[in-house]
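Enquirer: Take this structure, written in structure tokens, and hold onto it; I'll ask about it next.
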Amino acid sequence: MAISAADVNKLRQMTGAGMMDCKKALTETGGDFEAAVDFLRKAGQKVAAKRADNETNEGVVFIAISDDATNGKLVALACETEPVSKVADFTNLGEALLAAAVATNAATKEELLAASFADGRTAGEHIIELTGKIGEKINIAGYENVTSEKVVSYIHSNKKIGVLVAFNNTSGADVLEVGKDIAMQITAMKPVALDKDGVDSATIEREIEVGREQARAEGKPEAMLDKIAAGRLEKFYKESTLLNQQFVKDGSINIKQLLENTQKGLTISTFKRVALA
């Protein structure tokens with residue numbers, strides 16, 4: 001049957017798919033609009049499967065902080081190429097995913113993917129649909145949901161790095177400014193944990209072994225290797241755990257001291273850093 005330009009445009013308005021894709025879908029389904037929509041969705045699934053192993057190092061980070069600043073949600077929507085990350089359909093999907101996260105209070109990425117949009121379809125289905133429309137892999141590269149006494153956020157200027165910092169024991173103090181400073185430090189300095197107690201055992205073992213090998217390569221006596229490695233582990237803690245890092249704006253204090261100087265007893269319960277790279 002002949003497919004009119006009006007029919008193609010109608011399907012395009014319904015789905016957002018390209019003109020040629022809409023014409024093909026209508027042609028293949030004999031002009032049945034519901035079947036054509038399903039055809040386009042299946043096309044998205046095929047593209048998603050074909051590109052499943054592709055890397056997604058581009059994208060945009062989206063963050064929402066609750067009105068009382070006690071909760072922060074972060075969605076990192078990733079794609080394969082930078083131009084796609086700037087397409088309106090891509091950023092609109094990211095905003096819609098963030099709205100769904102807020103509406104459902106999704107605890108995990110899996111819960112967010114299962115969340116329903118206004119049209120009844122899930123977030124995951126919308127991602128697959130846009131994958132078919134754009135023609136490259138799209139996925140949620142990171143999702144965080146943080147609740148605390150106060151949560152402060154930061155998105156880097158390239159929109160590819162986002163940070164949430166959770167504060168406790170604020171005693172009514174305004175922690176927004178210091179929170180932004182600490183979030184920017186986390187962005188730049190990439191701490192692996194809040195304090196040394198949060199560093200996983202595999203990382204500790206690796207750092208100790210590296211310390212031993214470095215000392216051995218420097219010609220240090222075998223009997224001294226463990227002591228030297230322990231000293232270098234302490235240096236690692238100082239450089240790579242947030243509370244022990246020197247404050248980038250004032251090298252005379254560390255982050256733990258900065259907190260105490262801001263408000264006695266002020267603590268950070270956790271932080272989340274998500275980067276698309």
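Residue numbering restarts at 1 in every chain; chains get A, B, ... in the order shown in the structure tokens, and ligands count up from 1 in that same order.
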Write out as a tab-separated table (two decimals) with N, CA and C atoms, in the first residue's frame which residues come within 12 Å of A:Glu260 when counting only C-alpha atoms, dropping same-chain ones fewer than 6 positions away.
Expert:
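Saved file result_38.tsv follows:
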```
chain	number	residue	atom	x	y	z
A	169	ASN	N	25.73	16.19	61.57
A	169	ASN	CA	26.13	17.04	62.70
A	169	ASN	C	26.40	18.48	62.27
A	170	THR	N	25.52	19.01	61.45
A	170	THR	CA	25.71	20.38	60.98
A	170	THR	C	25.37	21.41	62.06
A	173	ALA	N	24.43	24.83	60.91
A	173	ALA	CA	25.38	25.62	60.13
A	173	ALA	C	25.09	25.48	58.64
A	175	VAL	N	26.32	24.68	55.28
A	175	VAL	CA	27.48	23.94	54.78
A	175	VAL	C	27.58	23.99	53.26
A	178	VAL	N	31.24	25.29	52.01
A	178	VAL	CA	32.30	24.31	52.26
A	178	VAL	C	31.99	23.01	51.52
A	243	LEU	N	39.27	12.57	53.98
A	243	LEU	CA	39.46	13.31	55.23
A	243	LEU	C	40.92	13.61	55.51
A	253	ILE	N	45.90	22.72	56.14
A	253	ILE	CA	44.94	21.87	56.84
A	253	ILE	C	44.46	20.77	55.91
A	254	ASN	N	43.95	19.69	56.52
A	254	ASN	CA	43.33	18.64	55.73
A	254	ASN	C	41.81	18.79	55.79
A	266	LEU	N	31.23	18.63	62.87
A	266	LEU	CA	30.73	18.39	61.51
A	266	LEU	C	31.44	17.20	60.88
A	267	THR	N	30.66	16.32	60.27
A	267	THR	CA	31.23	15.12	59.65
A	267	THR	C	30.67	14.91	58.25
A	268	ILE	N	31.37	14.12	57.47
A	268	ILE	CA	30.89	13.63	56.17
A	268	ILE	C	30.58	12.15	56.35
```
Enquirer: I need the residues of stretch 35-200 of chain A that end up classed as strand (DSSP E or B) by DSSP on the backbone, written out as an MDAnalysis selection string.
Expert: chainID A and resid 58:65 71:79 116 122 138:147 150:155 161:168 193
Enquirer: Please produce an output containing C-alpha atoms for each residue in the selection, written as an mmCIF file, in the first residue's frame.
Expert:
```cif
data_model
loop_
_atom_site.group_PDB
_atom_site.id
_atom_site.type_symbol
_atom_site.label_atom_id
_atom_site.label_comp_id
_atom_site.auth_asym_id
_atom_site.auth_seq_id
_atom_site.Cartn_x
_atom_site.Cartn_y
_atom_site.Cartn_z
ATOM 1 C CA GLU A 58 30.603 10.354 26.642
ATOM 2 C CA GLY A 59 27.369 11.640 28.111
ATOM 3 C CA VAL A 60 25.905 13.969 30.716
ATOM 4 C CA VAL A 61 25.509 13.867 34.509
ATOM 5 C CA PHE A 62 22.190 15.046 35.968
ATOM 6 C CA ILE A 63 21.642 15.842 39.675
ATOM 7 C CA ALA A 64 18.587 16.727 41.750
ATOM 8 C CA ILE A 65 18.710 17.917 45.365
ATOM 9 C CA ASN A 71 18.541 13.944 49.604
ATOM 10 C CA GLY A 72 20.495 13.974 46.372
ATOM 11 C CA LYS A 73 20.044 11.853 43.277
ATOM 12 C CA LEU A 74 22.564 11.549 40.459
ATOM 13 C CA VAL A 75 22.020 9.995 37.034
ATOM 14 C CA ALA A 76 24.906 9.604 34.577
ATOM 15 C CA LEU A 77 23.492 8.929 31.109
ATOM 16 C CA ALA A 78 26.200 7.697 28.756
ATOM 17 C CA CYS A 79 26.609 7.388 25.008
ATOM 18 C CA SER A 116 7.470 3.710 34.544
ATOM 19 C CA THR A 122 9.754 1.757 31.559
ATOM 20 C CA ILE A 138 23.009 4.527 25.389
ATOM 21 C CA ASN A 139 23.029 3.397 28.996
ATOM 22 C CA ILE A 140 22.873 4.572 32.598
ATOM 23 C CA ALA A 141 26.560 4.529 33.531
ATOM 24 C CA GLY A 142 25.972 5.521 37.136
ATOM 25 C CA TYR A 143 23.158 6.133 39.597
ATOM 26 C CA GLU A 144 23.388 7.344 43.191
ATOM 27 C CA ASN A 145 20.727 8.089 45.791
ATOM 28 C CA VAL A 146 22.110 9.705 48.965
ATOM 29 C CA THR A 147 20.232 10.793 52.080
ATOM 30 C CA LYS A 150 22.509 17.857 54.374
ATOM 31 C CA VAL A 151 23.560 16.856 50.858
ATOM 32 C CA VAL A 152 25.618 19.148 48.616
ATOM 33 C CA SER A 153 26.191 18.530 44.910
ATOM 34 C CA TYR A 154 28.566 19.614 42.179
ATOM 35 C CA ILE A 155 28.621 19.047 38.413
ATOM 36 C CA ILE A 161 31.630 14.418 36.417
ATOM 37 C CA GLY A 162 29.129 14.687 39.254
ATOM 38 C CA VAL A 163 29.625 14.577 43.024
ATOM 39 C CA LEU A 164 27.318 14.225 46.033
ATOM 40 C CA VAL A 165 28.629 14.950 49.547
ATOM 41 C CA ALA A 166 26.567 13.957 52.605
ATOM 42 C CA PHE A 167 27.026 15.895 55.865
ATOM 43 C CA ASN A 168 25.948 15.096 59.428
ATOM 44 C CA ALA A 193 37.481 6.377 50.281
#
```
Enquirer: As JSON, numbers by chain, please: every residue in stretch 9-242 of chain A that DSSP puts in helix (DSSP H, G or I).
Expert: {"A": [9, 10, 11, 12, 13, 14, 15, 19, 20, 21, 22, 23, 24, 25, 26, 27, 28, 33, 34, 35, 36, 37, 38, 39, 40, 41, 42, 43, 44, 45, 46, 47, 48, 49, 50, 82, 83, 84, 85, 88, 89, 90, 91, 92, 93, 94, 95, 96, 97, 98, 99, 100, 101, 102, 103, 104, 109, 110, 111, 112, 113, 114, 123, 124, 125, 126, 127, 128, 129, 130, 131, 132, 133, 134, 176, 177, 178, 179, 180, 181, 182, 183, 184, 185, 186, 187, 188, 189, 196, 197, 198, 201, 202, 203, 204, 205, 206, 207, 208, 209, 210, 211, 212, 213, 214, 215, 216, 217, 222, 223, 224, 225, 226, 227, 228, 229, 230, 231, 232, 233, 234, 235, 236, 237, 238, 239, 240, 242]}
Enquirer: Report the distance between atom CA of A:Tyr237 and atom CA of A:Asp200 in Å, rounded to one decimal place.
Expert: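 Distance between the two atoms: 11.9 Å.
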Enquirer: Could you tell me how far atom CA of A:Leu194 sits from atom CA of A:Arg273, in Å to one decimal place?
Expert: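 It comes out at 11.6 Å.
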